[in-house]
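Below is one structure; the comments refer to it alone.
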Amino acid sequence: MAHDLLTMGRISVDIYPDDVGVGLADVKTFGKYLGGSPSNVAVAAARHGRSSAVITRTGEDPFGAYLRRELAKFGVDAGFVASVPGLQTPATFCSIQPPDDFPLYFYGRFPTAPDLQISAGELDLQAIKDAGIFWTTVTGLCQEPSRSAHVAAHEARPRQGLKPGQYTVLDLDYRPMFWDSEAEARAQVARILPHVTVAIGNEAECAVAVGPGTPDEQADRLMEAGVEVAVVKLGADGVMAKTRTGRAVSAPVPVQTLNGLGAGDAFGGAFCHGLLSGWPLEAVLDYANASGAIVASRLSCADAMPTPEEVLSLLTERGRSLPEAAEAAR
């Protein structure tokens, strides 16, 4: 049976301090959690009742076993997760200093990581074609063989071959430590955009993908490349999305931020749920914004992903209107 959401790319063990507001050198105790943006997005969608899976790789070690167990715990199909001999499962450390300082430190990703060793010949192209939403990130394009695998996956899912209600999403998740230059990243994004129906990123990420400009100019350039829905995150001003027929803006949902790192992944999983539900774009953005806000108010990422009841409750508290379909499901 086809998955509602199939993601591909990064997975890691997130090592987050229990001591909030303390520099990493002074932290005494830590907790470990499932991490990696595509994996977190799959978890977030599962929390909203969607069947989800992730294509990724771990090391042959206890951390790899832990991540597969966590995926299963969250209801994410781990059937496309394999281990890579000779490589260790990556770990990501973070210092949590709210409201806006959350530096990340990546271990076990240089010179490569297991999830960058996915090869094109290993892919289940039929599962990729059949998924309601196929989600990848720019990071998966940063080196071979992952780069060629991502290109092959997208080529197997051409825009003109999608059925109504199917979407191909590219998260413009640009992380400079994984690239030699912005120009290299832009060139690789250009290879993928012809197959993408939805692109999501903040203004800086959009600038890497299609050049600097206003959010509207960046959204227009993404659509010129063939994207049907261009989503530009505006920080404190919320999020904007453009299609060929309209433009929608969702104001931020105010919360007290504890750890902002998982908010984008929560947004992504909720955005996918709204798209698959057929909601109006404005409602999709509001629902995704609220989901991201909830996770920003919590410590971890995957473990913190909200349920639909929590998202709808927050929207009600903030006086936001709810999609009719969501109202009926309450």
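Labels for the structure tokens follow display order: chains A, B, ..., residues from 1 in each chain, ligands from 1.
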
Practice problem: Please identify all polymer residues within 12 Å of A:Glu70, counting only C-alpha atoms, omitting same-chain residues fewer than 2 positions from it, and present them as a PyMOL selection string. | Solution: chain A and resi 11-13+32-35+39-40+42-43+63-68+72-78+302-303

Listing only residues of stretch 124-238 of chain A within 12 Å of stretch 48-61 of chain A, what is the closest atom pair and its distance in Å (to one decimal) for each, using only C-alpha atoms, sorted by chain and residue number ascending, as CSV?
```
residue,atom,partner,partner_atom,distance
A:Asp124,CA,A:Ile55,CA,9.3
A:Leu125,CA,A:Ile55,CA,11.3
A:Ala127,CA,A:Ala53,CA,10.0
A:Ile128,CA,A:Ile55,CA,9.7
A:Ala131,CA,A:Ser52,CA,9.1
A:Gly132,CA,A:Ser52,CA,9.7
A:Ile133,CA,A:Ser52,CA,9.4
A:Phe134,CA,A:Val54,CA,9.7
A:Trp135,CA,A:Val54,CA,9.2
A:Thr136,CA,A:Ile55,CA,9.7
A:Gly140,CA,A:Thr56,CA,10.2
A:Ser146,CA,A:Thr56,CA,10.0
A:Ala149,CA,A:Ile55,CA,10.8
A:His150,CA,A:Ile55,CA,10.7
A:Ala153,CA,A:Ile55,CA,10.9
```

Quiz item: For A:Val253, which residue out of A:Val210, A:Ala270, A:Val311, A:Met240 is the nearest one, using only C-alpha atoms?
Solution: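 Residue with the minimum atom-to-atom distance to A:Val253: A:Val311.
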
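Of the listed residues (A:Thr139, A:Pro99, A:Lys129, A:Ala45), A:Ala45 comes nearest to A:Pro306; the distances count only C-alpha atoms.
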
Considering only C-alpha atoms, give me a table of residues in stretch 129-178 of chain A that are at most 12 Å from stretch 103-122 of chain A, with the closest atom pair and distance in Å for each, as a tab-separated table.
```
residue	atom	partner	partner_atom	distance
A:Thr137	CA	A:Leu116	CA	11.9
A:Val138	CA	A:Leu116	CA	11.9
A:Thr139	CA	A:Leu116	CA	9.0
A:Gly140	CA	A:Leu116	CA	6.7
A:Leu141	CA	A:Leu116	CA	8.6
A:Cys142	CA	A:Leu116	CA	8.3
A:Gln143	CA	A:Leu116	CA	6.9
A:Glu144	CA	A:Leu116	CA	7.0
A:Pro145	CA	A:Ser119	CA	5.3
A:Ser146	CA	A:Leu116	CA	4.8
A:Arg147	CA	A:Leu116	CA	8.0
A:Ser148	CA	A:Ala120	CA	6.3
A:Ala149	CA	A:Ala120	CA	4.0
A:His150	CA	A:Ala120	CA	7.5
A:Val151	CA	A:Ala120	CA	8.4
A:Ala152	CA	A:Ala120	CA	6.1
A:Ala153	CA	A:Ala120	CA	7.5
A:His154	CA	A:Ala120	CA	10.8
A:Glu155	CA	A:Ala120	CA	11.0
A:Ala156	CA	A:Ala120	CA	10.8
A:Arg175	CA	A:Leu104	CA	10.7
A:Met177	CA	A:Phe106	CA	9.3
A:Phe178	CA	A:Phe110	CA	8.6
```

Could you save those same residues with N, CA and C atoms as a JSON list (two decimals), in the first residue's frame?
```
[["chain", "number", "residue", "atom", "x", "y", "z"],
["A", 137, "THR", "N", 15.37, 16.88, 0.96],
["A", 137, "THR", "CA", 15.99, 18.14, 1.38],
["A", 137, "THR", "C", 17.22, 18.41, 0.52],
["A", 138, "VAL", "N", 17.63, 19.66, 0.50],
["A", 138, "VAL", "CA", 18.82, 20.06, -0.26],
["A", 138, "VAL", "C", 20.07, 19.36, 0.27],
["A", 139, "THR", "N", 20.12, 19.08, 1.56],
["A", 139, "THR", "CA", 21.30, 18.43, 2.13],
["A", 139, "THR", "C", 21.60, 17.10, 1.47],
["A", 140, "GLY", "N", 20.57, 16.38, 1.04],
["A", 140, "GLY", "CA", 20.78, 15.11, 0.39],
["A", 140, "GLY", "C", 21.50, 15.20, -0.94],
["A", 141, "LEU", "N", 21.65, 16.42, -1.47],
["A", 141, "LEU", "CA", 22.32, 16.65, -2.75],
["A", 141, "LEU", "C", 23.79, 17.02, -2.58],
["A", 142, "CYS", "N", 24.29, 17.04, -1.34],
["A", 142, "CYS", "CA", 25.60, 17.65, -1.11],
["A", 142, "CYS", "C", 26.77, 16.77, -1.54],
["A", 143, "GLN", "N", 26.57, 15.46, -1.65],
["A", 143, "GLN", "CA", 27.67, 14.60, -2.09],
["A", 143, "GLN", "C", 27.13, 13.29, -2.66],
["A", 144, "GLU", "N", 28.01, 12.60, -3.39],
["A", 144, "GLU", "CA", 27.68, 11.30, -3.96],
["A", 144, "GLU", "C", 27.93, 10.20, -2.91],
["A", 145, "PRO", "N", 27.18, 9.05, -3.01],
["A", 145, "PRO", "CA", 26.20, 8.71, -4.04],
["A", 145, "PRO", "C", 24.79, 9.23, -3.77],
["A", 146, "SER", "N", 24.60, 9.90, -2.63],
["A", 146, "SER", "CA", 23.27, 10.41, -2.28],
["A", 146, "SER", "C", 22.74, 11.34, -3.35],
["A", 147, "ARG", "N", 23.61, 12.17, -3.92],
["A", 147, "ARG", "CA", 23.17, 13.14, -4.93],
["A", 147, "ARG", "C", 22.51, 12.43, -6.11],
["A", 148, "SER", "N", 23.18, 11.42, -6.65],
["A", 148, "SER", "CA", 22.61, 10.70, -7.79],
["A", 148, "SER", "C", 21.35, 9.94, -7.41],
["A", 149, "ALA", "N", 21.30, 9.45, -6.18],
["A", 149, "ALA", "CA", 20.10, 8.75, -5.72],
["A", 149, "ALA", "C", 18.92, 9.70, -5.66],
["A", 150, "HIS", "N", 19.14, 10.92, -5.19],
["A", 150, "HIS", "CA", 18.06, 11.90, -5.13],
["A", 150, "HIS", "C", 17.60, 12.29, -6.53],
["A", 151, "VAL", "N", 18.54, 12.46, -7.44],
["A", 151, "VAL", "CA", 18.17, 12.80, -8.82],
["A", 151, "VAL", "C", 17.35, 11.66, -9.43],
["A", 152, "ALA", "N", 17.78, 10.42, -9.21],
["A", 152, "ALA", "CA", 17.05, 9.27, -9.76],
["A", 152, "ALA", "C", 15.65, 9.17, -9.18],
["A", 153, "ALA", "N", 15.54, 9.43, -7.88],
["A", 153, "ALA", "CA", 14.22, 9.38, -7.24],
["A", 153, "ALA", "C", 13.28, 10.42, -7.84],
["A", 154, "HIS", "N", 13.79, 11.64, -8.04],
["A", 154, "HIS", "CA", 12.95, 12.69, -8.61],
["A", 154, "HIS", "C", 12.63, 12.43, -10.08],
["A", 155, "GLU", "N", 13.58, 11.89, -10.80],
["A", 155, "GLU", "CA", 13.31, 11.60, -12.21],
["A", 155, "GLU", "C", 12.26, 10.49, -12.36],
["A", 156, "ALA", "N", 12.18, 9.62, -11.37],
["A", 156, "ALA", "CA", 11.16, 8.55, -11.40],
["A", 156, "ALA", "C", 9.77, 9.07, -11.06],
["A", 175, "ARG", "N", 22.52, 23.91, 4.52],
["A", 175, "ARG", "CA", 23.44, 23.96, 5.67],
["A", 175, "ARG", "C", 24.85, 24.10, 5.12],
["A", 177, "MET", "N", 27.86, 24.00, 6.14],
["A", 177, "MET", "CA", 28.97, 23.11, 6.50],
["A", 177, "MET", "C", 29.04, 21.86, 5.63],
["A", 178, "PHE", "N", 27.96, 21.55, 4.91],
["A", 178, "PHE", "CA", 27.94, 20.37, 4.06],
["A", 178, "PHE", "C", 28.31, 20.67, 2.60]]
```

Practice problem: From the DSSP assignment of the backbone, select every residue of stretch 74-161 of chain A that is strand (DSSP E), and format the answer as a PyMOL selection string. | Solution: chain A and resi 76-77+81-84+91-94+104-107+133-137

Residue subset to file, keeping N, CA and C atoms, as a PDB file, in the first residue's frame:
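As written to disk, result16.pdb reads:
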```pdb
ATOM      1  N   VAL A  76       6.421   5.234  12.252  1.00  0.00           N
ATOM      2  CA  VAL A  76       7.031   5.472  10.941  1.00  0.00           C
ATOM      3  C   VAL A  76       7.600   4.159  10.414  1.00  0.00           C
ATOM      4  N   ASP A  77       7.249   3.816   9.184  1.00  0.00           N
ATOM      5  CA  ASP A  77       7.738   2.599   8.553  1.00  0.00           C
ATOM      6  C   ASP A  77       9.250   2.699   8.356  1.00  0.00           C
ATOM      7  N   VAL A  81      15.014   1.625   5.801  1.00  0.00           N
ATOM      8  CA  VAL A  81      16.199   2.004   6.570  1.00  0.00           C
ATOM      9  C   VAL A  81      17.160   0.814   6.591  1.00  0.00           C
ATOM     10  N   ALA A  82      18.398   1.040   6.174  1.00  0.00           N
ATOM     11  CA  ALA A  82      19.416  -0.004   6.199  1.00  0.00           C
ATOM     12  C   ALA A  82      20.660   0.545   6.886  1.00  0.00           C
ATOM     13  N   SER A  83      21.572  -0.347   7.229  1.00  0.00           N
ATOM     14  CA  SER A  83      22.816   0.068   7.869  1.00  0.00           C
ATOM     15  C   SER A  83      23.969  -0.022   6.883  1.00  0.00           C
ATOM     16  N   VAL A  84      25.001   0.785   7.108  1.00  0.00           N
ATOM     17  CA  VAL A  84      26.163   0.866   6.226  1.00  0.00           C
ATOM     18  C   VAL A  84      27.388   0.384   6.998  1.00  0.00           C
ATOM     19  N   ALA A  91      25.724  11.765  15.285  1.00  0.00           N
ATOM     20  CA  ALA A  91      25.098  12.396  16.450  1.00  0.00           C
ATOM     21  C   ALA A  91      25.178  13.906  16.271  1.00  0.00           C
ATOM     22  N   THR A  92      24.138  14.589  16.737  1.00  0.00           N
ATOM     23  CA  THR A  92      24.082  16.050  16.646  1.00  0.00           C
ATOM     24  C   THR A  92      23.882  16.623  18.035  1.00  0.00           C
ATOM     25  N   PHE A  93      24.825  17.421  18.481  1.00  0.00           N
ATOM     26  CA  PHE A  93      24.729  18.084  19.780  1.00  0.00           C
ATOM     27  C   PHE A  93      24.197  19.503  19.579  1.00  0.00           C
ATOM     28  N   CYS A  94      23.456  19.973  20.572  1.00  0.00           N
ATOM     29  CA  CYS A  94      22.909  21.325  20.508  1.00  0.00           C
ATOM     30  C   CYS A  94      23.050  22.002  21.861  1.00  0.00           C
ATOM     31  N   LEU A 104      24.276  24.155  16.498  1.00  0.00           N
ATOM     32  CA  LEU A 104      24.354  22.717  16.298  1.00  0.00           C
ATOM     33  C   LEU A 104      25.796  22.297  16.050  1.00  0.00           C
ATOM     34  N   TYR A 105      26.151  21.117  16.537  1.00  0.00           N
ATOM     35  CA  TYR A 105      27.475  20.559  16.332  1.00  0.00           C
ATOM     36  C   TYR A 105      27.301  19.135  15.808  1.00  0.00           C
ATOM     37  N   PHE A 106      27.739  18.903  14.558  1.00  0.00           N
ATOM     38  CA  PHE A 106      27.521  17.620  13.901  1.00  0.00           C
ATOM     39  C   PHE A 106      28.743  16.721  14.091  1.00  0.00           C
ATOM     40  N   TYR A 107      28.489  15.499  14.524  1.00  0.00           N
ATOM     41  CA  TYR A 107      29.543  14.503  14.683  1.00  0.00           C
ATOM     42  C   TYR A 107      29.191  13.277  13.837  1.00  0.00           C
ATOM     43  N   ILE A 133       2.939  12.068  -0.934  1.00  0.00           N
ATOM     44  CA  ILE A 133       3.946  13.128  -0.944  1.00  0.00           C
ATOM     45  C   ILE A 133       5.317  12.482  -0.848  1.00  0.00           C
ATOM     46  N   PHE A 134       6.235  12.898  -1.700  1.00  0.00           N
ATOM     47  CA  PHE A 134       7.646  12.517  -1.615  1.00  0.00           C
ATOM     48  C   PHE A 134       8.415  13.757  -1.205  1.00  0.00           C
ATOM     49  N   TRP A 135       9.163  13.663  -0.102  1.00  0.00           N
ATOM     50  CA  TRP A 135       9.821  14.822   0.529  1.00  0.00           C
ATOM     51  C   TRP A 135      11.320  14.585   0.591  1.00  0.00           C
ATOM     52  N   THR A 136      12.112  15.526   0.065  1.00  0.00           N
ATOM     53  CA  THR A 136      13.560  15.469   0.199  1.00  0.00           C
ATOM     54  C   THR A 136      14.080  16.836   0.638  1.00  0.00           C
ATOM     55  N   THR A 137      15.372  16.879   0.965  1.00  0.00           N
ATOM     56  CA  THR A 137      15.988  18.138   1.378  1.00  0.00           C
ATOM     57  C   THR A 137      17.222  18.410   0.519  1.00  0.00           C
TER      58      THR A 137
END
```

Quiz item: A:Gly21: which residues within 10 Å, counting only C-alpha atoms, same-chain residues fewer than 4 positions away excluded, as a count of residues only?
Solution: 10

Self-check item: Among the residues A:Val20, A:Ala248, A:Met8, A:Leu276, the one that comes closest to A:Gln166 [using only C-alpha atoms]
Solution: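 Closest to A:Gln166, using only C-alpha atoms: A:Leu276.
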
Self-check item: Option closest in space to A:Pro280, from A:Gly86, A:Gly260, A:Gly23, A:Gly246 [counting only C-alpha atoms]
Solution: A:Gly246

Practice problem: Please return as a ChimeraX atom specification: the residues of stretch 270-321 of chain A that backbone DSSP assigns to alpha helix (DSSP H). | Solution: /A:270-277,281-296,308-317

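Taking atom CA of A:Arg318 and atom CA of A:Phe271 as endpoints, the distance between them is 18.8 Å.
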
Exercise. Select, from A:Thr197, A:Val227, A:Ala25, A:Ser300, the residue with the minimum atom-to-atom distance to A:Leu162, counting only C-alpha atoms.
Key: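 Ranked by minimum distance to A:Leu162, first place goes to A:Thr197.
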
Exercise. For atom CA of A:Ala263 and atom CA of A:Val189, determine how far apart the two atoms are, in Å to one decimal place.
Key: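 These atoms are spaced 23.2 Å apart.
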
Practice problem: Enter the distance from atom CA of A:Ala183 to atom CA of A:Pro212, in Å, rounded to one decimal. | Solution: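 Atom-to-atom, atom CA of A:Ala183 to atom CA of A:Pro212, that is 12.7 Å.
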
Quiz item: Could you pull the residues within 9 Å of A:Asp130, counting only C-alpha atoms, minus those fewer than 6 positions along the same chain, as a VMD selection string?
Solution: chain A and resid 1 to 4 157 162 166

Go ahead and save the picked residues with N, CA and C atoms, as a compact mmCIF listing (two decimals), in the first residue's frame.
```
# COMPACT_ATOMS: atom_id res chain seq x y z
N MET A 1 0.84 -1.20 0.00
CA MET A 1 0.00 0.00 0.00
C MET A 1 0.88 1.25 0.00
N ALA A 2 0.49 2.25 -0.77
CA ALA A 2 1.28 3.47 -0.88
C ALA A 2 1.25 4.25 0.43
N HIS A 3 2.36 4.89 0.73
CA HIS A 3 2.44 5.74 1.92
C HIS A 3 1.86 7.12 1.61
N ASP A 4 1.26 7.73 2.63
CA ASP A 4 0.85 9.13 2.48
C ASP A 4 2.08 10.02 2.28
N ARG A 157 9.71 10.33 -10.66
CA ARG A 157 8.45 10.93 -10.22
C ARG A 157 8.24 12.27 -10.94
N LEU A 162 2.31 12.85 -11.98
CA LEU A 162 1.65 12.81 -10.68
C LEU A 162 0.14 12.75 -10.83
N GLN A 166 -1.25 14.24 -5.40
CA GLN A 166 0.14 13.90 -5.14
C GLN A 166 1.01 15.15 -5.22
```

Quiz item: Near A:Ala241, counting only C-alpha atoms, which residues have an atom at most 10 Å away, once you skip same-chain residues fewer than 6 positions from it, shown as number ranges by chain?
Solution: A: 198-200, 215-216, 219, 229-233, 247-250, 281-282, 285

Next, write the just-selected residues to a file, as a tab-separated table (two decimals), in the first residue's frame, keeping C-alpha atoms as the atom set.
```tsv
chain	number	residue	atom	x	y	z
A	198	VAL	CA	6.24	22.39	-3.62
A	199	ALA	CA	9.37	24.20	-2.37
A	200	ILE	CA	9.72	25.34	1.25
A	215	PRO	CA	10.07	36.92	-0.60
A	216	ASP	CA	7.62	37.52	-3.44
A	219	ALA	CA	8.55	32.76	-4.78
A	229	VAL	CA	3.45	26.10	-4.48
A	230	ALA	CA	6.31	28.27	-3.22
A	231	VAL	CA	6.47	28.64	0.56
A	232	VAL	CA	8.76	31.32	2.01
A	233	LYS	CA	9.16	31.49	5.79
A	247	ARG	CA	-1.02	34.36	-2.39
A	248	ALA	CA	-1.55	33.50	1.29
A	249	VAL	CA	0.15	34.75	4.45
A	250	SER	CA	-0.12	33.21	7.91
A	281	LEU	CA	-3.76	27.01	1.46
A	282	GLU	CA	-4.45	29.57	4.21
A	285	LEU	CA	-0.34	27.42	6.66
```
